[in-house]
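The file entry_32.pdb comes next; it holds PDB, C-alpha atoms.
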```pdb
ATOM      1  CA  MET A 248     127.128 -49.134  51.957
ATOM      2  CA  VAL A 249     125.829 -52.690  51.294
ATOM      3  CA  PRO A 250     128.081 -55.565  52.361
ATOM      4  CA  ASN A 251     129.491 -57.783  49.581
ATOM      5  CA  SER A 252     127.786 -60.902  50.868
ATOM      6  CA  ARG A 253     124.404 -59.151  50.620
ATOM      7  CA  ILE A 254     125.129 -58.014  47.021
ATOM      8  CA  SER A 255     126.119 -61.523  45.942
ATOM      9  CA  SER A 256     122.924 -63.023  47.425
ATOM     10  CA  ILE A 257     120.805 -60.420  45.605
ATOM     11  CA  SER A 258     122.548 -61.091  42.295
ATOM     12  CA  ARG A 259     122.131 -64.846  42.783
ATOM     13  CA  GLN A 260     118.387 -64.378  43.342
ATOM     14  CA  GLU A 261     118.061 -62.269  40.210
ATOM     15  CA  SER A 262     119.983 -64.773  38.107
ATOM     16  CA  ASN A 263     117.934 -67.771  39.318
ATOM     17  CA  PRO A 264     115.416 -68.488  36.489
ATOM     18  CA  HIS A 265     113.098 -70.594  38.697
ATOM     19  CA  LEU A 266     112.732 -67.811  41.192
ATOM     20  CA  ASN A 267     112.046 -65.262  38.445
ATOM     21  CA  SER A 268     109.402 -67.440  36.784
ATOM     22  CA  PHE A 269     107.771 -68.017  40.175
ATOM     23  CA  LYS A 270     107.640 -64.272  40.767
ATOM     24  CA  ASP A 271     106.163 -63.755  37.297
ATOM     25  CA  SER A 272     103.519 -66.375  38.013
ATOM     26  CA  LEU A 273     102.588 -64.653  41.252
ATOM     27  CA  ARG A 274     102.266 -61.305  39.488
ATOM     28  CA  MET A 275     100.086 -62.843  36.755
ATOM     29  CA  THR A 276      97.860 -64.510  39.370
ATOM     30  CA  GLU A 277      97.402 -61.177  41.138
ATOM     31  CA  ASP A 278      96.539 -59.492  37.828
ATOM     32  CA  ILE A 279      93.956 -62.175  37.018
ATOM     33  CA  LYS A 280      92.399 -61.829  40.475
ATOM     34  CA  LYS A 281      92.063 -58.092  39.915
ATOM     35  CA  GLU A 282      90.341 -58.704  36.545
ATOM     36  CA  LEU A 283      87.912 -61.290  37.924
ATOM     37  CA  THR A 284      85.482 -58.936  39.514
ATOM     38  CA  PRO A 285      81.810 -59.946  39.590
ATOM     39  CA  ALA A 286      81.065 -57.432  36.821
ATOM     40  CA  ASN A 287      83.754 -58.894  34.534
ATOM     41  CA  ILE A 288      82.572 -62.455  35.184
ATOM     42  CA  LYS A 289      78.977 -61.487  34.361
ATOM     43  CA  GLU A 290      80.164 -59.786  31.180
ATOM     44  CA  GLU A 291      82.039 -62.945  30.101
ATOM     45  CA  GLU A 292      78.949 -65.095  30.771
ATOM     46  CA  ASN A 293      76.746 -62.744  28.725
ATOM     47  CA  PHE A 294      79.243 -62.853  25.852
ATOM     48  CA  ALA A 295      79.236 -66.682  25.917
ATOM     49  CA  VAL A 296      75.419 -66.818  25.987
ATOM     50  CA  ASP A 297      75.195 -64.360  23.061
ATOM     51  CA  ASN A 298      77.582 -66.514  21.014
ATOM     52  CA  GLN A 299      75.552 -69.653  21.773
ATOM     53  CA  GLU A 300      72.315 -67.918  20.750
ATOM     54  CA  LYS A 301      73.864 -66.717  17.484
ATOM     55  CA  ALA A 302      75.108 -70.242  16.717
ATOM     56  CA  ALA A 303      71.656 -71.668  17.472
ATOM     57  CA  GLU A 304      69.999 -69.100  15.171
ATOM     58  CA  GLU A 305      72.379 -70.036  12.346
ATOM     59  CA  GLU A 306      71.614 -73.744  12.843
ATOM     60  CA  GLU A 307      67.837 -73.143  12.915
ATOM     61  CA  GLU A 308      67.792 -71.625   9.449
ATOM     62  CA  LEU A 309      66.477 -74.882   7.893
ATOM     63  CA  SER A 310      63.588 -76.838   9.329
ATOM     64  CA  HIS A 311      63.552 -80.616   9.472
ATOM     65  CA  ALA A 312      61.127 -80.792   6.551
ATOM     66  CA  GLU A 313      63.379 -78.553   4.446
ATOM     67  CA  ILE A 314      66.425 -80.703   5.201
ATOM     68  CA  LEU A 315      64.441 -83.825   4.358
ATOM     69  CA  ASP A 316      63.375 -82.262   1.039
ATOM     70  CA  LEU A 317      67.006 -81.387   0.225
ATOM     71  CA  PHE A 318      68.061 -84.934   1.047
ATOM     72  CA  GLN A 319      65.348 -86.402  -1.191
ATOM     73  CA  GLU A 320      66.355 -84.068  -4.034
ATOM     74  CA  GLY A 321      69.960 -85.180  -3.647
ATOM     75  CA  LEU A 322      68.936 -88.844  -3.705
ATOM     76  CA  ALA A 323      66.801 -88.225  -6.802
ATOM     77  CA  MET A 324      69.843 -86.731  -8.547
ATOM     78  CA  ILE A 325      71.998 -89.696  -7.506
ATOM     79  CA  VAL A 326      69.408 -92.143  -8.851
ATOM     80  CA  GLN A 327      69.684 -90.519 -12.297
ATOM     81  CA  ASP A 328      73.170 -92.025 -12.545
ATOM     82  CA  PRO A 329      73.163 -94.934 -15.081
ATOM     83  CA  LEU A 330      74.531 -97.238 -12.396
ATOM     84  CA  LEU A 331      71.546 -96.585 -10.130
ATOM     85  CA  CYS A 332      68.783 -95.839 -12.656
ATOM     86  CA  ASP A 333      66.752 -98.969 -11.869
ATOM     87  CA  LEU A 334      66.178 -97.919  -8.246
ATOM     88  CA  PRO A 335      62.792 -96.456  -7.220
ATOM     89  CA  VAL A 336      62.275 -92.705  -6.809
ATOM     90  CA  GLN A 337      61.736 -92.973  -3.040
ATOM     91  CA  VAL A 338      65.087 -94.727  -2.666
ATOM     92  CA  THR A 339      66.783 -95.273   0.685
ATOM     93  CA  LEU A 340      70.471 -94.907   1.420
ATOM     94  CA  GLU A 341      70.587 -98.632   2.197
ATOM     95  CA  GLU A 342      69.354 -99.427  -1.320
ATOM     96  CA  ILE A 343      71.974 -97.160  -2.896
ATOM     97  CA  ASN A 344      74.736 -98.808  -0.858
ATOM     98  CA  SER A 345      73.441-102.253  -1.841
ATOM     99  CA  GLN A 346      73.369-101.327  -5.527
ATOM    100  CA  VAL A 347      76.909 -99.937  -5.430
ATOM    101  CA  ALA A 348      78.127-103.058  -3.596
ATOM    102  CA  LEU A 349      76.386-105.163  -6.247
ATOM    103  CA  GLU A 350      78.158-103.313  -9.060
ATOM    104  CA  TYR A 351      81.542-103.785  -7.384
ATOM    105  CA  GLY A 352      80.952-107.505  -6.854
ATOM    106  CA  GLN A 353      80.726-107.195  -3.065
ATOM    107  CA  ALA A 354      77.050-108.214  -3.040
ATOM    108  CA  MET A 355      74.726-110.535  -4.936
ATOM    109  CA  THR A 356      71.071-110.660  -5.875
ATOM    110  CA  VAL A 357      69.151-113.656  -4.577
ATOM    111  CA  LYS A 358      65.781-114.250  -6.237
ATOM    112  CA  VAL A 359      63.340-115.297  -3.537
ATOM    113  CA  LYS A 360      60.266-117.084  -4.934
ATOM    114  CA  LYS A 361      57.092-116.924  -2.866
ATOM    115  CA  GLY A 362      54.341-119.541  -2.870
ATOM    116  CA  ASP A 363      52.192-117.425  -5.205
ATOM    117  CA  GLY A 364      54.987-117.327  -7.804
ATOM    118  CA  GLU A 365      56.109-113.746  -7.116
ATOM    119  CA  ILE A 366      59.876-113.339  -7.249
ATOM    120  CA  MET A 367      61.566-110.831  -4.929
ATOM    121  CA  PRO A 368      65.079-109.723  -5.952
ATOM    122  CA  VAL A 369      66.883-109.362  -2.618
ATOM    123  CA  VAL A 370      70.420-107.957  -2.416
ATOM    124  CA  VAL A 371      72.787-109.459   0.175
ATOM    125  CA  ILE A 372      76.528-109.217   0.777
ATOM    126  CA  GLN A 373      78.661-112.094  -0.558
ATOM    127  CA  ASN A 374      79.544-113.413   2.924
ATOM    128  CA  ASP A 375      76.044-113.096   4.413
ATOM    129  CA  THR A 376      74.387-115.873   6.381
ATOM    130  CA  VAL A 377      70.909-117.370   6.064
ATOM    131  CA  LEU A 378      69.793-115.079   8.916
ATOM    132  CA  ASP A 379      71.056-112.047   6.957
ATOM    133  CA  LEU A 380      69.030-113.226   3.944
ATOM    134  CA  LYS A 381      65.917-113.515   6.124
ATOM    135  CA  LYS A 382      66.448-109.959   7.423
ATOM    136  CA  ALA A 383      66.956-108.705   3.850
ATOM    137  CA  ILE A 384      63.668-110.368   2.809
ATOM    138  CA  GLN A 385      61.872-108.677   5.715
ATOM    139  CA  ARG A 386      63.354-105.283   4.760
ATOM    140  CA  TYR A 387      62.421-105.791   1.097
ATOM    141  CA  VAL A 388      58.794-106.598   1.976
ATOM    142  CA  GLN A 389      58.595-103.674   4.420
ATOM    143  CA  LEU A 390      59.891-101.167   1.823
ATOM    144  CA  LYS A 391      57.573-102.575  -0.823
ATOM    145  CA  GLN A 392      54.560-102.162   1.477
ATOM    146  CA  GLU A 393      55.553 -98.587   2.371
ATOM    147  CA  ARG A 394      55.862 -97.650  -1.301
ATOM    148  CA  GLU A 395      52.523 -99.193  -2.191
ATOM    149  CA  GLY A 396      50.864 -97.197   0.567
ATOM    150  CA  GLY A 397      49.566-100.041   2.703
ATOM    151  CA  THR A 398      51.304-101.281   5.785
ATOM    152  CA  GLN A 399      50.060-104.696   6.713
ATOM    153  CA  TYR A 400      51.359-106.388   9.856
ATOM    154  CA  ILE A 401      53.365-109.521   9.133
ATOM    155  CA  SER A 402      54.426-111.875  11.909
ATOM    156  CA  TRP A 403      57.878-112.890  10.774
ATOM    157  CA  LYS A 404      58.205-115.319  13.686
ATOM    158  CA  TYR A 405      55.174-117.120  12.278
ATOM    159  CA  ILE A 406      56.582-117.018   8.724
ATOM    160  CA  TRP A 407      59.926-118.540   9.742
ATOM    161  CA  ARG A 408      58.179-121.155  11.941
ATOM    162  CA  THR A 409      55.855-122.133   9.088
ATOM    163  CA  TYR A 410      58.136-121.937   6.032
ATOM    164  CA  HIS A 411      61.618-123.070   5.012
ATOM    165  CA  LEU A 412      63.833-121.353   2.516
ATOM    166  CA  THR A 413      65.164-123.942   0.089
ATOM    167  CA  PHE A 414      67.831-123.944  -2.589
ATOM    168  CA  ASN A 415      68.097-126.830  -5.090
ATOM    169  CA  GLY A 416      65.910-128.975  -2.837
ATOM    170  CA  GLU A 417      68.061-128.358   0.255
ATOM    171  CA  LYS A 418      66.476-126.619   3.261
ATOM    172  CA  LEU A 419      68.380-123.632   4.598
ATOM    173  CA  THR A 420      67.906-124.621   8.247
ATOM    174  CA  ASP A 421      71.111-123.271   9.829
ATOM    175  CA  ASP A 422      70.737-119.492  10.260
ATOM    176  CA  LYS A 423      74.455-119.094  11.020
ATOM    177  CA  MET A 424      75.631-120.872   7.863
ATOM    178  CA  LYS A 425      76.853-118.679   5.005
ATOM    179  CA  LEU A 426      74.880-118.621   1.775
ATOM    180  CA  LYS A 427      77.964-119.462  -0.262
ATOM    181  CA  ASP A 428      78.401-122.632   1.835
ATOM    182  CA  TYR A 429      74.994-123.739   0.559
ATOM    183  CA  GLY A 430      76.260-123.016  -2.966
ATOM    184  CA  ILE A 431      74.119-119.901  -3.458
ATOM    185  CA  ARG A 432      75.621-117.475  -5.975
ATOM    186  CA  ASN A 433      74.503-114.285  -7.717
ATOM    187  CA  ARG A 434      71.041-114.522  -9.338
ATOM    188  CA  ASP A 435      70.288-117.955  -7.832
ATOM    189  CA  GLU A 436      66.709-118.689  -6.836
ATOM    190  CA  VAL A 437      65.661-119.523  -3.279
ATOM    191  CA  THR A 438      62.105-120.747  -2.654
ATOM    192  CA  PHE A 439      59.665-120.603   0.253
ATOM    193  CA  ILE A 440      58.438-124.124   1.070
ATOM    194  CA  LYS A 441      55.849-124.815   3.757
ATOM    195  CA  LYS A 442      57.164-126.953   6.592
ATOM    196  CA  LEU A 443      55.534-130.307   7.158
ATOM    197  CA  ARG A 444      53.912-130.818  10.533
ATOM    198  CA  LYS A 445      55.596-133.241  12.855
ATOM    199  CA  LYS A 446      53.246-135.798  14.379
TER     200      LYS A 446
END
```
Just dump the structure as structure tokens.
Amino acid sequence: MVPNSRISSISRQESNPHLNSFKDSLRMTEDIKKELTPANIKEEENFAVDNQEKAAEEEEELSHAEILDLFQEGLAMIVQDPLLCDLPVQVTLEEINSQVALEYGQAMTVKVKKGDGEIMPVVVIQNDTVLDLKKAIQRYVQLKQEREGGTQYISWKYIWRTYHLTFNGEKLTDDKMKLKDYGIRNRDEVTFIKKLRKK
């Protein structure tokens, strides 16, 4: 016969939830150790490698050229929209974003007149600075050259050292100043003027 004190200690152990959960954790750990034999581990690794290879095969279905063609087709369809119809066929995403911003009044077109009389319509954001306008001019010229098939090297450092941008007779000398602070609005004309040499 078991003494009463022994029975009460056994029943207390069985009713203690912390002790029971600890015992369950120990049993689960032992079960996991039994399952983690070298053969099972190797099988799990092979399964993971197979899944990675299948995912890679699914991703490799389209080549880079095919994806590029799909992208160009999508852009061509977007350009057929009446809002974007005046963009070139080989349009860039940047040009689409600029055109949309222009339509929503978030951007403006600045007409930049070169020394030979050619006018370049450059799109800039309303709050852009003179430096942003210079970068937009560089991008415009670069895209134009790419589309015409010839890429000619232009030293922009030389251009900005040799020429001023002017608006209504005022030189845009401060690159950090906003265009609107110079009074430049949508469809205003900015001109390249050669700098005078200092003696």
Could you give me, as a ChimeraX atom specification, the residues within 12 Å of stretch 365-381 of chain A, counting all atoms listed in the file and dropping anything in the same chain fewer than 6 positions from it? /A:341-359,387-388,390-391,403-404,406-407,410-414,418-439
File dump, residues just selected, C-alpha atoms, as a PDB file, in the coordinates of the input:
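Below is the file that was written, out.pdb:
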```
ATOM      1  CA  GLU A 341      70.587 -98.632   2.197  1.00  0.00           C
ATOM      2  CA  GLU A 342      69.354 -99.427  -1.320  1.00  0.00           C
ATOM      3  CA  ILE A 343      71.974 -97.160  -2.896  1.00  0.00           C
ATOM      4  CA  ASN A 344      74.736 -98.808  -0.858  1.00  0.00           C
ATOM      5  CA  SER A 345      73.441-102.253  -1.841  1.00  0.00           C
ATOM      6  CA  GLN A 346      73.369-101.327  -5.527  1.00  0.00           C
ATOM      7  CA  VAL A 347      76.909 -99.937  -5.430  1.00  0.00           C
ATOM      8  CA  ALA A 348      78.127-103.058  -3.596  1.00  0.00           C
ATOM      9  CA  LEU A 349      76.386-105.163  -6.247  1.00  0.00           C
ATOM     10  CA  GLU A 350      78.158-103.313  -9.060  1.00  0.00           C
ATOM     11  CA  TYR A 351      81.542-103.785  -7.384  1.00  0.00           C
ATOM     12  CA  GLY A 352      80.952-107.505  -6.854  1.00  0.00           C
ATOM     13  CA  GLN A 353      80.726-107.195  -3.065  1.00  0.00           C
ATOM     14  CA  ALA A 354      77.050-108.214  -3.040  1.00  0.00           C
ATOM     15  CA  MET A 355      74.726-110.535  -4.936  1.00  0.00           C
ATOM     16  CA  THR A 356      71.071-110.660  -5.875  1.00  0.00           C
ATOM     17  CA  VAL A 357      69.151-113.656  -4.577  1.00  0.00           C
ATOM     18  CA  LYS A 358      65.781-114.250  -6.237  1.00  0.00           C
ATOM     19  CA  VAL A 359      63.340-115.297  -3.537  1.00  0.00           C
ATOM     20  CA  TYR A 387      62.421-105.791   1.097  1.00  0.00           C
ATOM     21  CA  VAL A 388      58.794-106.598   1.976  1.00  0.00           C
ATOM     22  CA  LEU A 390      59.891-101.167   1.823  1.00  0.00           C
ATOM     23  CA  LYS A 391      57.573-102.575  -0.823  1.00  0.00           C
ATOM     24  CA  TRP A 403      57.878-112.890  10.774  1.00  0.00           C
ATOM     25  CA  LYS A 404      58.205-115.319  13.686  1.00  0.00           C
ATOM     26  CA  ILE A 406      56.582-117.018   8.724  1.00  0.00           C
ATOM     27  CA  TRP A 407      59.926-118.540   9.742  1.00  0.00           C
ATOM     28  CA  TYR A 410      58.136-121.937   6.032  1.00  0.00           C
ATOM     29  CA  HIS A 411      61.618-123.070   5.012  1.00  0.00           C
ATOM     30  CA  LEU A 412      63.833-121.353   2.516  1.00  0.00           C
ATOM     31  CA  THR A 413      65.164-123.942   0.089  1.00  0.00           C
ATOM     32  CA  PHE A 414      67.831-123.944  -2.589  1.00  0.00           C
ATOM     33  CA  LYS A 418      66.476-126.619   3.261  1.00  0.00           C
ATOM     34  CA  LEU A 419      68.380-123.632   4.598  1.00  0.00           C
ATOM     35  CA  THR A 420      67.906-124.621   8.247  1.00  0.00           C
ATOM     36  CA  ASP A 421      71.111-123.271   9.829  1.00  0.00           C
ATOM     37  CA  ASP A 422      70.737-119.492  10.260  1.00  0.00           C
ATOM     38  CA  LYS A 423      74.455-119.094  11.020  1.00  0.00           C
ATOM     39  CA  MET A 424      75.631-120.872   7.863  1.00  0.00           C
ATOM     40  CA  LYS A 425      76.853-118.679   5.005  1.00  0.00           C
ATOM     41  CA  LEU A 426      74.880-118.621   1.775  1.00  0.00           C
ATOM     42  CA  LYS A 427      77.964-119.462  -0.262  1.00  0.00           C
ATOM     43  CA  ASP A 428      78.401-122.632   1.835  1.00  0.00           C
ATOM     44  CA  TYR A 429      74.994-123.739   0.559  1.00  0.00           C
ATOM     45  CA  GLY A 430      76.260-123.016  -2.966  1.00  0.00           C
ATOM     46  CA  ILE A 431      74.119-119.901  -3.458  1.00  0.00           C
ATOM     47  CA  ARG A 432      75.621-117.475  -5.975  1.00  0.00           C
ATOM     48  CA  ASN A 433      74.503-114.285  -7.717  1.00  0.00           C
ATOM     49  CA  ARG A 434      71.041-114.522  -9.338  1.00  0.00           C
ATOM     50  CA  ASP A 435      70.288-117.955  -7.832  1.00  0.00           C
ATOM     51  CA  GLU A 436      66.709-118.689  -6.836  1.00  0.00           C
ATOM     52  CA  VAL A 437      65.661-119.523  -3.279  1.00  0.00           C
ATOM     53  CA  THR A 438      62.105-120.747  -2.654  1.00  0.00           C
ATOM     54  CA  PHE A 439      59.665-120.603   0.253  1.00  0.00           C
TER      55      PHE A 439
END
```
If you count all atoms listed in the file, which residues fall within 10 Å of stretch 311-323 of chain A, apart from same-chain ones fewer than 2 positions away, as a PyMOL selection string? chain A and resi 307-309+325-328+332+334-340+343
Output C-alpha atoms for every residue in the selection just made, as a short mmCIF file (atom, residue, chain, number, x, y, z; two decimals), keeping the file's coordinate frame.
```cif
data_model
loop_
_atom_site.label_atom_id
_atom_site.label_comp_id
_atom_site.auth_asym_id
_atom_site.auth_seq_id
_atom_site.Cartn_x
_atom_site.Cartn_y
_atom_site.Cartn_z
CA GLU A 307 67.84 -73.14 12.92
CA GLU A 308 67.79 -71.62 9.45
CA LEU A 309 66.48 -74.88 7.89
CA ILE A 325 72.00 -89.70 -7.51
CA VAL A 326 69.41 -92.14 -8.85
CA GLN A 327 69.68 -90.52 -12.30
CA ASP A 328 73.17 -92.02 -12.54
CA CYS A 332 68.78 -95.84 -12.66
CA LEU A 334 66.18 -97.92 -8.25
CA PRO A 335 62.79 -96.46 -7.22
CA VAL A 336 62.28 -92.70 -6.81
CA GLN A 337 61.74 -92.97 -3.04
CA VAL A 338 65.09 -94.73 -2.67
CA THR A 339 66.78 -95.27 0.68
CA LEU A 340 70.47 -94.91 1.42
CA ILE A 343 71.97 -97.16 -2.90
#
```
Between atom CA of A:Ser310 and atom CA of A:Gly396, what distance in Å does the model show, to one decimal?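 Straight-line distance from atom CA of A:Ser310 to atom CA of A:Gly396 works out to 25.6 Å.
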Can you work out the spacing between atom CA of A:Gln389 and atom CA of A:Lys360 in Å, to one decimal? 16.4 Å
Go ahead and compute the interatomic distance for atom CA of A:Ile440 and atom CA of A:Glu417, in Å to one decimal.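 Atom CA of A:Ile440 sits 10.5 Å away from atom CA of A:Glu417.
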